[in-house]
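Engineer: My structure is in upload.txt, and what it holds is compact mmCIF, C-alpha atoms:
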# COMPACT_ATOMS: atom_id res chain seq x y z
CA MET A 1 -125.07 -58.22 -72.89
CA SER A 2 -125.38 -60.37 -75.95
CA GLY A 3 -123.12 -63.37 -75.64
CA PRO A 4 -119.57 -63.50 -74.30
CA LEU A 5 -117.40 -60.63 -75.44
CA ALA A 6 -113.65 -60.43 -75.36
CA GLN A 7 -112.31 -58.00 -72.78
CA THR A 8 -109.99 -55.99 -74.97
CA PRO A 9 -112.24 -54.82 -77.83
CA THR A 10 -114.97 -53.66 -75.43
CA THR A 11 -112.58 -51.66 -73.29
CA ASP A 12 -111.13 -50.29 -76.48
CA GLU A 13 -114.56 -48.99 -77.59
CA PHE A 14 -114.80 -47.19 -74.30
CA ILE A 15 -111.37 -45.56 -74.36
CA LYS A 16 -111.78 -44.60 -78.02
CA GLY A 17 -114.72 -42.29 -77.35
CA LEU A 18 -113.18 -40.86 -74.22
CA TRP A 19 -109.89 -39.75 -75.66
CA ARG A 20 -108.63 -40.77 -79.10
CA ASP A 21 -111.85 -39.99 -81.01
CA ASN A 22 -113.23 -37.45 -78.56
CA PRO A 23 -116.52 -36.32 -80.16
CA VAL A 24 -116.05 -32.60 -79.59
CA PHE A 25 -112.31 -31.98 -79.70
CA VAL A 26 -111.28 -34.49 -82.36
CA GLN A 27 -114.37 -35.23 -84.47
CA VAL A 28 -115.92 -31.75 -83.99
CA LEU A 29 -119.45 -33.19 -83.71
CA GLY A 30 -122.39 -31.94 -81.70
CA MET A 31 -121.05 -28.45 -81.37
CA CYS A 32 -124.31 -26.52 -81.18
CA PRO A 33 -125.17 -27.65 -77.64
CA ALA A 34 -121.48 -27.78 -76.72
CA LEU A 35 -121.15 -24.05 -77.27
CA ALA A 36 -124.62 -22.88 -76.35
CA VAL A 37 -124.91 -24.18 -72.79
CA SER A 38 -121.27 -24.24 -71.72
CA ASN A 39 -121.31 -20.81 -70.09
CA THR A 40 -121.10 -22.35 -66.61
CA ALA A 41 -119.56 -25.62 -65.46
CA ARG A 42 -122.86 -26.79 -63.93
CA ASN A 43 -124.94 -26.29 -67.08
CA ALA A 44 -122.24 -27.98 -69.15
CA LEU A 45 -122.16 -30.99 -66.84
CA ALA A 46 -125.97 -31.34 -66.86
CA MET A 47 -126.11 -31.08 -70.64
CA GLY A 48 -123.33 -33.65 -70.99
CA LEU A 49 -125.10 -36.13 -68.72
CA ALA A 50 -128.45 -35.64 -70.47
CA THR A 51 -126.86 -36.22 -73.87
CA SER A 52 -124.99 -39.28 -72.58
CA PHE A 53 -128.22 -40.80 -71.31
CA VAL A 54 -129.99 -40.29 -74.65
CA LEU A 55 -126.96 -41.63 -76.49
CA LEU A 56 -126.79 -44.73 -74.29
CA MET A 57 -130.51 -45.53 -74.57
CA SER A 58 -130.77 -44.89 -78.30
CA ASN A 59 -127.62 -46.90 -79.02
CA ALA A 60 -128.99 -49.81 -76.98
CA VAL A 61 -132.40 -49.73 -78.69
CA VAL A 62 -131.03 -49.28 -82.19
CA SER A 63 -128.51 -52.06 -81.68
CA SER A 64 -131.11 -54.52 -80.39
CA LEU A 65 -133.53 -53.68 -83.22
CA ARG A 66 -130.90 -53.60 -85.95
CA HIS A 67 -132.17 -56.79 -87.64
CA PHE A 68 -135.79 -55.57 -87.73
CA ILE A 69 -135.38 -52.02 -89.07
CA PRO A 70 -135.71 -51.86 -92.88
CA LYS A 71 -132.77 -50.15 -94.57
CA GLN A 72 -134.86 -47.51 -96.38
CA VAL A 73 -136.47 -45.99 -93.30
CA ARG A 74 -133.60 -46.44 -90.86
CA ILE A 75 -132.74 -42.75 -90.41
CA ALA A 76 -136.37 -41.84 -89.71
CA THR A 77 -136.61 -44.70 -87.22
CA TYR A 78 -133.44 -43.62 -85.43
CA ILE A 79 -134.73 -40.06 -85.17
CA LEU A 80 -138.01 -41.25 -83.70
CA VAL A 81 -136.20 -43.42 -81.13
CA ILE A 82 -133.95 -40.50 -80.19
CA ALA A 83 -136.88 -38.07 -79.99
CA THR A 84 -138.68 -40.39 -77.58
CA PHE A 85 -135.76 -40.53 -75.16
CA VAL A 86 -135.18 -36.79 -75.43
CA THR A 87 -138.80 -36.19 -74.41
CA VAL A 88 -138.22 -38.46 -71.40
CA VAL A 89 -135.09 -36.52 -70.40
CA ASP A 90 -136.86 -33.20 -70.94
CA TYR A 91 -139.68 -34.09 -68.55
CA ALA A 92 -137.28 -35.69 -66.04
CA ILE A 93 -135.13 -32.56 -65.79
CA GLN A 94 -138.24 -30.42 -65.46
CA ALA A 95 -139.34 -32.59 -62.52
CA VAL A 96 -135.96 -32.63 -60.78
CA SER A 97 -134.84 -29.03 -61.15
CA LEU A 98 -136.99 -26.38 -62.74
CA GLU A 99 -134.16 -23.87 -62.45
CA LEU A 100 -131.81 -26.05 -64.48
CA HIS A 101 -134.56 -26.64 -67.04
CA LYS A 102 -134.90 -22.89 -67.49
CA ALA A 103 -131.14 -22.41 -67.85
CA LEU A 104 -130.83 -25.09 -70.53
CA GLY A 105 -134.03 -23.97 -72.25
CA ALA A 106 -134.80 -25.32 -75.69
CA PHE A 107 -131.38 -26.93 -75.90
CA ILE A 108 -132.62 -30.05 -74.13
CA SER A 109 -135.13 -30.60 -76.94
CA LEU A 110 -132.40 -29.86 -79.43
CA ILE A 111 -130.48 -32.96 -78.31
CA VAL A 112 -132.61 -34.66 -81.00
CA VAL A 113 -130.63 -33.05 -83.77
CA ASN A 114 -127.24 -33.54 -82.13
CA CYS A 115 -125.25 -35.06 -84.97
CA LEU A 116 -123.23 -37.08 -82.45
CA ILE A 117 -126.21 -39.26 -81.44
CA LEU A 118 -127.50 -39.90 -84.95
CA GLY A 119 -123.93 -40.43 -86.09
CA ARG A 120 -123.25 -43.14 -83.50
CA ALA A 121 -126.58 -44.85 -84.24
CA GLU A 122 -125.82 -44.95 -87.95
CA ALA A 123 -122.09 -45.63 -87.82
CA PHE A 124 -121.84 -47.98 -84.86
CA ALA A 125 -125.01 -49.24 -83.19
CA SER A 126 -126.63 -50.37 -86.47
CA LYS A 127 -123.68 -52.68 -87.14
CA ASN A 128 -122.63 -53.95 -83.72
CA GLY A 129 -124.06 -56.02 -80.87
CA LEU A 130 -125.69 -54.69 -77.74
CA GLY A 131 -122.61 -55.00 -75.52
CA ARG A 132 -120.23 -53.20 -77.82
CA SER A 133 -122.80 -50.52 -78.66
CA THR A 134 -123.38 -49.85 -74.98
CA MET A 135 -119.67 -49.49 -74.33
CA ASP A 136 -119.33 -47.23 -77.36
CA ALA A 137 -122.19 -45.03 -76.12
CA LEU A 138 -120.70 -44.88 -72.62
CA GLY A 139 -117.30 -43.86 -73.95
CA MET A 140 -118.65 -41.31 -76.40
CA GLY A 141 -121.06 -39.91 -73.82
CA LEU A 142 -118.33 -39.59 -71.22
CA GLY A 143 -116.02 -37.99 -73.79
CA PHE A 144 -118.75 -35.50 -74.71
CA THR A 145 -119.41 -34.71 -71.04
CA VAL A 146 -115.71 -34.21 -70.29
CA ALA A 147 -115.34 -31.94 -73.32
CA LEU A 148 -118.39 -29.90 -72.37
CA PHE A 149 -117.13 -29.65 -68.82
CA ALA A 150 -113.71 -28.48 -70.03
CA LEU A 151 -115.38 -25.75 -72.08
CA GLY A 152 -117.78 -24.76 -69.31
CA ALA A 153 -115.12 -24.66 -66.61
CA VAL A 154 -112.80 -22.39 -68.62
CA ARG A 155 -115.65 -20.08 -69.60
CA GLU A 156 -117.03 -19.82 -66.07
CA MET A 157 -113.63 -19.28 -64.46
CA LEU A 158 -112.62 -16.50 -66.83
CA GLY A 159 -116.07 -15.08 -67.50
CA SER A 160 -117.44 -14.79 -63.97
CA GLY A 161 -114.42 -15.69 -61.84
CA THR A 162 -116.27 -18.58 -60.21
CA PHE A 163 -116.29 -22.37 -60.33
CA PHE A 164 -119.64 -24.08 -59.67
CA GLY A 165 -120.74 -20.75 -58.21
CA PHE A 166 -117.84 -20.41 -55.75
CA PRO A 167 -115.65 -17.32 -56.21
CA LEU A 168 -112.11 -18.27 -57.21
CA PHE A 169 -110.17 -15.05 -57.33
CA HIS A 170 -109.58 -12.01 -55.22
CA GLU A 171 -112.44 -9.51 -55.36
CA ASN A 172 -110.35 -7.17 -57.49
CA PHE A 173 -110.51 -9.70 -60.34
CA GLN A 174 -112.11 -8.16 -63.38
CA PRO A 175 -114.19 -10.88 -65.09
CA TRP A 176 -113.75 -11.29 -68.84
CA ILE A 177 -117.35 -10.67 -69.78
CA VAL A 178 -116.70 -11.76 -73.34
CA MET A 179 -116.12 -15.34 -72.22
CA ILE A 180 -119.71 -15.91 -71.07
CA LEU A 181 -121.09 -14.23 -74.18
CA PRO A 182 -121.53 -16.29 -77.36
CA SER A 183 -118.20 -15.20 -78.83
CA GLY A 184 -116.39 -16.61 -75.78
CA GLY A 185 -117.74 -20.04 -76.67
CA PHE A 186 -116.16 -19.86 -80.11
CA PHE A 187 -112.84 -18.67 -78.70
CA THR A 188 -112.69 -21.30 -75.96
CA LEU A 189 -113.45 -24.15 -78.36
CA ALA A 190 -110.84 -22.77 -80.77
CA GLY A 191 -108.32 -22.75 -77.92
CA TRP A 192 -109.03 -26.37 -76.97
CA LEU A 193 -108.84 -27.47 -80.61
CA LEU A 194 -105.48 -25.75 -80.78
CA VAL A 195 -104.24 -27.72 -77.79
CA PHE A 196 -105.31 -30.98 -79.45
CA ASN A 197 -103.77 -29.94 -82.78
CA VAL A 198 -100.43 -29.17 -81.15
CA ARG A 199 -100.47 -32.56 -79.41
CA ALA A 200 -101.31 -34.38 -82.64
CA GLN A 201 -98.55 -32.58 -84.47
CA ARG A 202 -95.97 -33.40 -81.77
CA ARG A 203 -96.95 -37.06 -81.89
CA GLU A 204 -96.66 -37.13 -85.68
CA ARG A 205 -93.23 -35.54 -85.51
CA ALA A 206 -92.11 -38.01 -82.84
CA ALA A 207 -93.37 -40.92 -84.96
CA ALA A 208 -91.50 -39.60 -87.99
CA LEU A 209 -88.31 -39.27 -85.94
CA ASP A 210 -88.69 -42.82 -84.63
CA GLU A 211 -89.06 -44.13 -88.15
CA GLU A 212 -85.94 -42.33 -89.24
CA ALA A 213 -84.01 -43.68 -86.27
CA LEU A 214 -85.11 -47.23 -87.17
CA ARG A 215 -83.81 -46.77 -90.68
CA MET B 1 -150.09 -14.33 -77.49
CA SER B 2 -147.52 -11.59 -77.74
CA ASP B 3 -148.19 -8.43 -79.72
CA THR B 4 -144.66 -7.60 -80.84
CA PRO B 5 -144.67 -5.76 -84.20
CA LEU B 6 -143.60 -7.84 -87.20
CA TRP B 7 -140.58 -5.74 -88.20
CA SER B 8 -139.21 -5.98 -84.68
CA ILE B 9 -139.48 -9.79 -84.77
CA PHE B 10 -137.72 -9.83 -88.12
CA VAL B 11 -134.83 -7.60 -87.01
CA ASN B 12 -134.57 -9.47 -83.74
CA ALA B 13 -134.24 -12.89 -85.39
CA CYS B 14 -131.99 -11.63 -88.17
CA LEU B 15 -129.48 -9.39 -86.40
CA ILE B 16 -129.78 -9.13 -82.62
CA ASN B 17 -130.32 -12.77 -81.79
CA ASN B 18 -128.75 -14.17 -84.93
CA PHE B 19 -129.36 -17.93 -84.94
CA VAL B 20 -125.79 -18.87 -85.75
CA LEU B 21 -123.80 -16.26 -83.87
CA ALA B 22 -125.91 -15.79 -80.74
CA TYR B 23 -127.76 -19.10 -80.33
CA PHE B 24 -125.15 -21.41 -81.90
CA LEU B 25 -127.79 -23.12 -84.02
CA GLY B 26 -126.87 -24.62 -87.37
CA LEU B 27 -123.13 -24.60 -86.74
CA CYS B 28 -122.42 -27.72 -88.78
CA PRO B 29 -123.44 -26.23 -92.15
CA PHE B 30 -122.04 -22.90 -90.99
CA LEU B 31 -118.56 -24.39 -90.69
CA GLY B 32 -118.97 -26.99 -93.42
CA VAL B 33 -120.47 -25.03 -96.31
CA SER B 34 -118.90 -21.63 -95.77
CA GLY B 35 -115.82 -22.35 -97.90
CA LYS B 36 -117.15 -20.83 -101.13
CA LEU B 37 -119.33 -17.76 -101.53
CA ALA B 38 -121.61 -19.24 -104.23
CA THR B 39 -122.44 -22.43 -102.31
CA ALA B 40 -122.98 -20.43 -99.14
CA THR B 41 -125.61 -18.25 -100.81
CA ARG B 42 -127.48 -21.24 -102.26
CA MET B 43 -127.37 -23.09 -98.96
CA GLY B 44 -128.76 -20.00 -97.22
CA GLY B 45 -131.63 -19.88 -99.70
CA ALA B 46 -132.48 -23.55 -99.22
CA VAL B 47 -132.40 -23.27 -95.43
CA THR B 48 -134.58 -20.15 -95.48
CA PHE B 49 -137.13 -21.95 -97.63
CA VAL B 50 -137.24 -25.03 -95.39
CA MET B 51 -137.50 -22.74 -92.37
CA LEU B 52 -140.56 -21.00 -93.85
CA VAL B 53 -142.31 -24.26 -94.71
CA SER B 54 -141.56 -25.98 -91.41
CA SER B 55 -142.52 -22.86 -89.47
CA VAL B 56 -145.97 -22.97 -91.06
CA CYS B 57 -146.24 -26.72 -90.38
CA ALA B 58 -145.07 -26.33 -86.79
CA PHE B 59 -147.71 -23.65 -86.23
CA GLY B 60 -150.41 -26.02 -87.47
CA ILE B 61 -149.14 -28.92 -85.36
CA GLN B 62 -149.03 -26.78 -82.26
CA GLN B 63 -152.68 -25.80 -82.76
CA LEU B 64 -153.61 -29.45 -83.24
CA LEU B 65 -151.65 -30.67 -80.20
CA THR B 66 -153.16 -27.96 -78.02
CA ALA B 67 -156.59 -29.01 -79.24
CA ILE B 68 -156.09 -32.69 -78.35
CA ASP B 69 -154.07 -31.79 -75.22
CA ALA B 70 -150.93 -33.81 -75.96
CA PRO B 71 -147.90 -31.50 -75.54
CA TYR B 72 -145.55 -34.44 -74.96
CA LEU B 73 -145.91 -35.39 -78.63
CA ARG B 74 -144.58 -31.99 -79.73
CA LEU B 75 -140.92 -32.85 -80.22
CA ILE B 76 -141.59 -36.12 -82.01
CA SER B 77 -144.13 -34.65 -84.42
CA PHE B 78 -141.96 -31.58 -85.13
CA ILE B 79 -138.97 -33.65 -86.11
CA ALA B 80 -141.08 -36.03 -88.20
CA VAL B 81 -142.65 -33.12 -90.08
CA ILE B 82 -139.30 -31.43 -90.67
CA ALA B 83 -137.81 -34.65 -92.01
CA SER B 84 -140.68 -35.13 -94.43
CA THR B 85 -140.64 -31.46 -95.47
CA VAL B 86 -137.00 -31.73 -96.40
CA GLN B 87 -137.76 -34.89 -98.37
CA LEU B 88 -140.57 -33.08 -100.18
CA VAL B 89 -138.41 -30.05 -100.95
CA GLU B 90 -135.73 -32.38 -102.25
CA MET B 91 -138.13 -34.10 -104.65
CA PHE B 92 -139.59 -30.76 -105.73
CA ILE B 93 -136.20 -29.23 -106.55
CA LYS B 94 -135.13 -32.41 -108.33
CA LYS B 95 -138.20 -32.17 -110.58
CA VAL B 96 -138.16 -28.42 -111.20
CA SER B 97 -134.45 -27.67 -111.42
CA PRO B 98 -132.03 -30.60 -111.68
CA ALA B 99 -129.11 -28.16 -111.98
CA LEU B 100 -129.79 -26.62 -108.58
CA PHE B 101 -130.32 -30.10 -107.15
CA ARG B 102 -126.86 -31.19 -108.26
CA ALA B 103 -125.30 -27.98 -106.94
CA LEU B 104 -126.72 -28.46 -103.46
CA GLY B 105 -125.82 -32.15 -103.35
CA ILE B 106 -125.51 -33.70 -99.92
CA PHE B 107 -126.33 -30.48 -98.09
CA LEU B 108 -130.01 -30.75 -98.96
CA PRO B 109 -130.83 -33.92 -96.99
CA LEU B 110 -128.54 -32.72 -94.21
CA ILE B 111 -130.88 -29.80 -93.56
CA THR B 112 -132.99 -32.29 -91.57
CA THR B 113 -130.40 -32.43 -88.83
CA ASN B 114 -129.83 -28.69 -88.92
CA CYS B 115 -130.66 -27.59 -85.40
CA ALA B 116 -131.61 -24.12 -86.63
CA ILE B 117 -134.81 -25.51 -88.19
CA LEU B 118 -135.99 -27.43 -85.12
CA GLY B 119 -134.82 -24.56 -82.93
CA LEU B 120 -136.97 -22.13 -84.91
CA ALA B 121 -140.03 -24.37 -84.54
CA LEU B 122 -139.48 -24.70 -80.78
CA PHE B 123 -138.72 -21.02 -80.15
CA GLN B 124 -141.77 -19.76 -82.03
CA THR B 125 -143.98 -22.10 -79.99
CA ASN B 126 -142.37 -21.05 -76.71
CA LYS B 127 -142.86 -17.40 -77.57
CA GLY B 128 -146.52 -17.96 -78.51
CA TYR B 129 -146.38 -16.14 -81.86
CA ASP B 130 -149.46 -15.98 -84.08
CA PHE B 131 -149.37 -16.96 -87.74
CA ALA B 132 -148.05 -13.71 -89.24
CA GLN B 133 -145.46 -13.39 -86.48
CA CYS B 134 -144.29 -16.95 -87.16
CA LEU B 135 -143.74 -16.07 -90.81
CA ALA B 136 -141.78 -12.93 -89.89
CA TYR B 137 -139.72 -14.93 -87.41
CA ALA B 138 -138.92 -17.64 -89.96
CA LEU B 139 -137.97 -15.07 -92.61
CA GLY B 140 -135.77 -13.20 -90.16
CA ALA B 141 -134.05 -16.35 -88.94
CA GLY B 142 -133.44 -17.47 -92.52
CA ALA B 143 -132.09 -14.07 -93.52
CA GLY B 144 -129.83 -14.05 -90.46
CA PHE B 145 -128.53 -17.54 -91.24
CA THR B 146 -127.83 -16.56 -94.85
CA LEU B 147 -126.13 -13.34 -93.76
CA ALA B 148 -123.86 -15.15 -91.31
CA LEU B 149 -123.02 -17.84 -93.87
CA VAL B 150 -122.23 -15.32 -96.63
CA LEU B 151 -120.11 -13.11 -94.36
CA MET B 152 -118.19 -16.14 -93.16
CA ALA B 153 -117.64 -17.41 -96.71
CA GLY B 154 -116.36 -14.00 -97.78
CA LEU B 155 -113.91 -13.89 -94.88
CA ARG B 156 -112.70 -17.40 -95.54
CA GLU B 157 -112.14 -16.73 -99.24
CA LYS B 158 -109.94 -13.78 -98.31
CA LEU B 159 -108.14 -15.86 -95.72
CA GLU B 160 -107.04 -18.37 -98.34
CA LEU B 161 -104.52 -15.76 -99.45
CA ALA B 162 -103.11 -15.18 -95.98
CA GLU B 163 -100.32 -17.16 -94.41
CA VAL B 164 -101.47 -18.99 -91.31
CA PRO B 165 -99.44 -21.30 -89.04
CA ASP B 166 -100.14 -25.00 -89.67
CA VAL B 167 -101.48 -25.65 -86.19
CA VAL B 168 -104.29 -23.12 -86.39
CA GLN B 169 -105.50 -24.08 -89.85
CA GLY B 170 -108.91 -25.70 -90.29
CA THR B 171 -111.67 -25.66 -87.72
CA ALA B 172 -109.77 -23.71 -85.07
CA LEU B 173 -109.26 -20.79 -87.44
CA SER B 174 -112.92 -20.82 -88.54
CA LEU B 175 -113.99 -20.76 -84.90
CA VAL B 176 -111.83 -17.72 -84.12
CA LEU B 177 -113.36 -16.00 -87.16
CA ALA B 178 -116.85 -16.91 -85.97
CA GLY B 179 -116.02 -15.51 -82.55
CA ILE B 180 -114.94 -12.19 -84.04
CA LEU B 181 -118.09 -12.08 -86.21
CA SER B 182 -120.15 -12.81 -83.12
CA ILE B 183 -118.57 -9.85 -81.30
CA ALA B 184 -119.39 -7.67 -84.30
CA PHE B 185 -123.03 -8.78 -84.17
CA MET B 186 -123.19 -7.83 -80.49
CA GLY B 187 -123.09 -4.26 -81.72
CA PHE B 188 -126.68 -4.69 -82.90
CA ALA B 189 -127.86 -5.35 -79.36
CA GLY B 190 -128.92 -1.73 -78.90
CA LEU B 191 -131.39 -1.91 -81.80
CA GLY B 192 -134.26 -3.37 -79.80
CA GLY B 193 -135.32 -6.00 -77.29
What would you get if you wrote out this structure as structure tokens?
Structural biologist:
Amino acid sequence: MSGPLAQTPTTDEFIKGLWRDNPVFVQVLGMCPALAVSNTARNALAMGLATSFVLLMSNAVVSSLRHFIPKQVRIATYILVIATFVTVVDYAIQAVSLELHKALGAFISLIVVNCLILGRAEAFASKNGLGRSTMDALGMGLGFTVALFALGAVREMLGSGTFFGFPLFHENFQPWIVMILPSGGFFTLAGWLLVFNVRAQRRERAAALDEEALR
Amino acid sequence: MSDTPLWSIFVNACLINNFVLAYFLGLCPFLGVSGKLATATRMGGAVTFVMLVSSVCAFGIQQLLTAIDAPYLRLISFIAVIASTVQLVEMFIKKVSPALFRALGIFLPLITTNCAILGLALFQTNKGYDFAQCLAYALGAGAGFTLALVLMAGLREKLELAEVPDVVQGTALSLVLAGILSIAFMGFAGLGG
């Protein structure tokens, strides 16, 4: 942590990524991995954690080096930093669980081009101190993981009738095959976006009503 | 080395395992640039070109890294080469055709973070394609990307005329469309392996 930081702003950075500016559902960033590996809850969770780790490390490094990186080559530098940590994660997952590594496939390497990570490095870590950047990365990473998990859980429950591999329904349940296929990913994300849109609209309407009442 | 025939690689990358609709690669430009038919076509062309160039480069790098036995450098060197290729293409287009350069605008540099390009480089290495097969794969992937983009743009232009509830408008609607397109592309699955 760099110097004393006020409690409120730091906590705010954390909450912001988790809910109000949720990377997947509100900002619609980093969707390629979000859709590609969210066919089971387990894969989604692993992918979310891997991305969070890369995000946390790259945000920390970028934020501590922000005074030394020349403006002209900053994007290239960020990408190199991110690529290094992704390689670390790639080899770590391969060592821990080969099965998981096979299931996630090339999508671990593709964390490099996740717009979420580069976006946070450019928009936040390059302008803020280590403490705030870490909190921002934690919040965003957790938000990304939760979103991925929400997608994966819905797709696994409907698509194979299981949750983390345990059967949920009676054996007569006919799984919706389409949900574990690519198109199911699109539909599930569309559904979640719809939920968030409805909520946003309700809140806007409530705010408008409040304003009228005040007048 | 695999000995799959070239046409089969092309059809496979273009239709059966379409990069956008089956692998979810390159979704950002797919959703961002597919508003107008003309821009979608140009974007498809640019991406195909970058795919071809970076596929050739990735093939060379892979040979080099195998020779010096350093596979852990693969990801870093791929992304560095793709970034510089895009920069090169950008300068080239700016010099040769300023009109096209202006038309593509911000989308050109953004190709760097298009996961379809890096995905292509990684997949072709994992599959162990030789040089000609890499070219066929890159062409097929590019054609598939362009096809998906153009189809999507056509659908969205038609949809402008339809009445849609407020809540669904925007990304949610595009995603439902993409889902339906993806189901349509599943029909190609019988064509080959």
Engineer: Pull out every residue of chain A sitting within 6 Å of chain B, counting all atoms listed in the file, and send them as a ChimeraX atom specification.
Structural biologist: /A:32,36,83,113,182-183,186-187,190,193,197
Engineer: Using only C-alpha atoms, please write the residues we just selected to a file, as a short mmCIF file (atom, residue, chain, number, x, y, z; two decimals), in the coordinates of the input.
Structural biologist:
data_model
loop_
_atom_site.label_atom_id
_atom_site.label_comp_id
_atom_site.auth_asym_id
_atom_site.auth_seq_id
_atom_site.Cartn_x
_atom_site.Cartn_y
_atom_site.Cartn_z
CA CYS A 32 -124.31 -26.52 -81.18
CA ALA A 36 -124.62 -22.88 -76.35
CA ALA A 83 -136.88 -38.07 -79.99
CA VAL A 113 -130.63 -33.05 -83.77
CA PRO A 182 -121.53 -16.29 -77.36
CA SER A 183 -118.20 -15.20 -78.83
CA PHE A 186 -116.16 -19.86 -80.11
CA PHE A 187 -112.84 -18.67 -78.70
CA ALA A 190 -110.84 -22.77 -80.77
CA LEU A 193 -108.84 -27.47 -80.61
CA ASN A 197 -103.77 -29.94 -82.78
#
Engineer: When you draw a straight line from CA of Gln124 in chain B to CA of Gly45 in chain B, how long is it in Å?
Structural biologist: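 So the answer is 20.4 Å.
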Engineer: Might you pull out every residue within 10 Å of range 60-66 of chain B, with all atoms listed in the file counted and same-chain residues fewer than 2 positions away left off, and present them as an MDAnalysis selection string?
Structural biologist: chainID B and resid 54:58 68:74 77:78 81 121:122 125 128 131
Engineer: Identify, on the basis of all atoms listed in the file, every residue whose closest approach to Gly119 in chain A does not exceed 10 Å; exclude the query and any residue fewer than 5 positions from it along the same chain; express the result as a compact mmCIF listing (two decimals) with C-alpha atoms, in the frame of the given file.
Structural biologist:
# COMPACT_ATOMS: atom_id res chain seq x y z
CA LEU A 29 -119.45 -33.19 -83.71
CA GLY A 30 -122.39 -31.94 -81.70
CA ASN A 114 -127.24 -33.54 -82.13
CA PHE A 124 -121.84 -47.98 -84.86
CA ALA A 125 -125.01 -49.24 -83.19
Engineer: From the list A:Thr40, A:Ala46, A:Asp136, A:Thr77, which residue is nearest His101 in chain A when using only C-alpha atoms?
Structural biologist: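 Using only C-alpha atoms, His101 in chain A sits closest to A:Ala46.
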Engineer: Here is a test: counting all atoms listed in the file, which residue of A:Gly152, A:Gly129, A:Gly184, A:Gly143 is nearest to Phe164 in chain A?
Structural biologist: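 Result for the nearest residue to Phe164 in chain A: A:Gly152.
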Engineer: Between CA of Trp176 in chain A and CA of Gly159 in chain A, what distance in Å does the model show, to one decimal?
Structural biologist: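 It comes out at 4.6 Å.
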Engineer: Give me, as a PyMOL selection string, all polymer residues having an atom no more than 9 Å from Tyr129 in chain B, counting only C-alpha atoms and skipping those fewer than 2 positions away in the same chain.
Structural biologist: chain B and resi 1-4+59+124-127+131-134+137
Engineer: Using only C-alpha atoms, please write the residues we just selected to a file, as a short mmCIF file (atom, residue, chain, number, x, y, z; two decimals), keeping the file's coordinate frame.
Structural biologist:
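Output (selection_21.cif):
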data_model
loop_
_atom_site.label_atom_id
_atom_site.label_comp_id
_atom_site.auth_asym_id
_atom_site.auth_seq_id
_atom_site.Cartn_x
_atom_site.Cartn_y
_atom_site.Cartn_z
CA MET B 1 -150.09 -14.33 -77.49
CA SER B 2 -147.52 -11.59 -77.74
CA ASP B 3 -148.19 -8.43 -79.72
CA THR B 4 -144.66 -7.60 -80.84
CA PHE B 59 -147.71 -23.65 -86.23
CA GLN B 124 -141.77 -19.76 -82.03
CA THR B 125 -143.98 -22.10 -79.99
CA ASN B 126 -142.37 -21.05 -76.71
CA LYS B 127 -142.86 -17.40 -77.57
CA PHE B 131 -149.37 -16.96 -87.74
CA ALA B 132 -148.05 -13.71 -89.24
CA GLN B 133 -145.46 -13.39 -86.48
CA CYS B 134 -144.29 -16.95 -87.16
CA TYR B 137 -139.72 -14.93 -87.41
#
Engineer: Take every atom of range 167-186 of chain B listed in the file, fit an axis-aligned box around them, add 8 Å per side, and give the centre and edge lengths in Å to one decimal as AutoDock Vina command-line options.
Structural biologist:
--center_x -112.3 --center_y -16.7 --center_z -85.4 --size_x 37.7 --size_y 34.0 --size_z 25.8
Engineer: Please provide the set of residues having any atom within 12 Å of Met57 in chain A, restricted to all atoms listed in the file, with same-chain residues fewer than 5 positions apart removed, written as a VMD selection string.
Structural biologist: chain A and resid 50 to 52 62 to 64 78 81 to 86 88 to 89 117 120 to 121 125 130 133 to 138 141
Engineer: One number please: CA of Arg42 in chain B to CA of Ala138 in chain B, in Å, one decimal.
Structural biologist: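 Computing it gives 17.2 Å between the two atoms.
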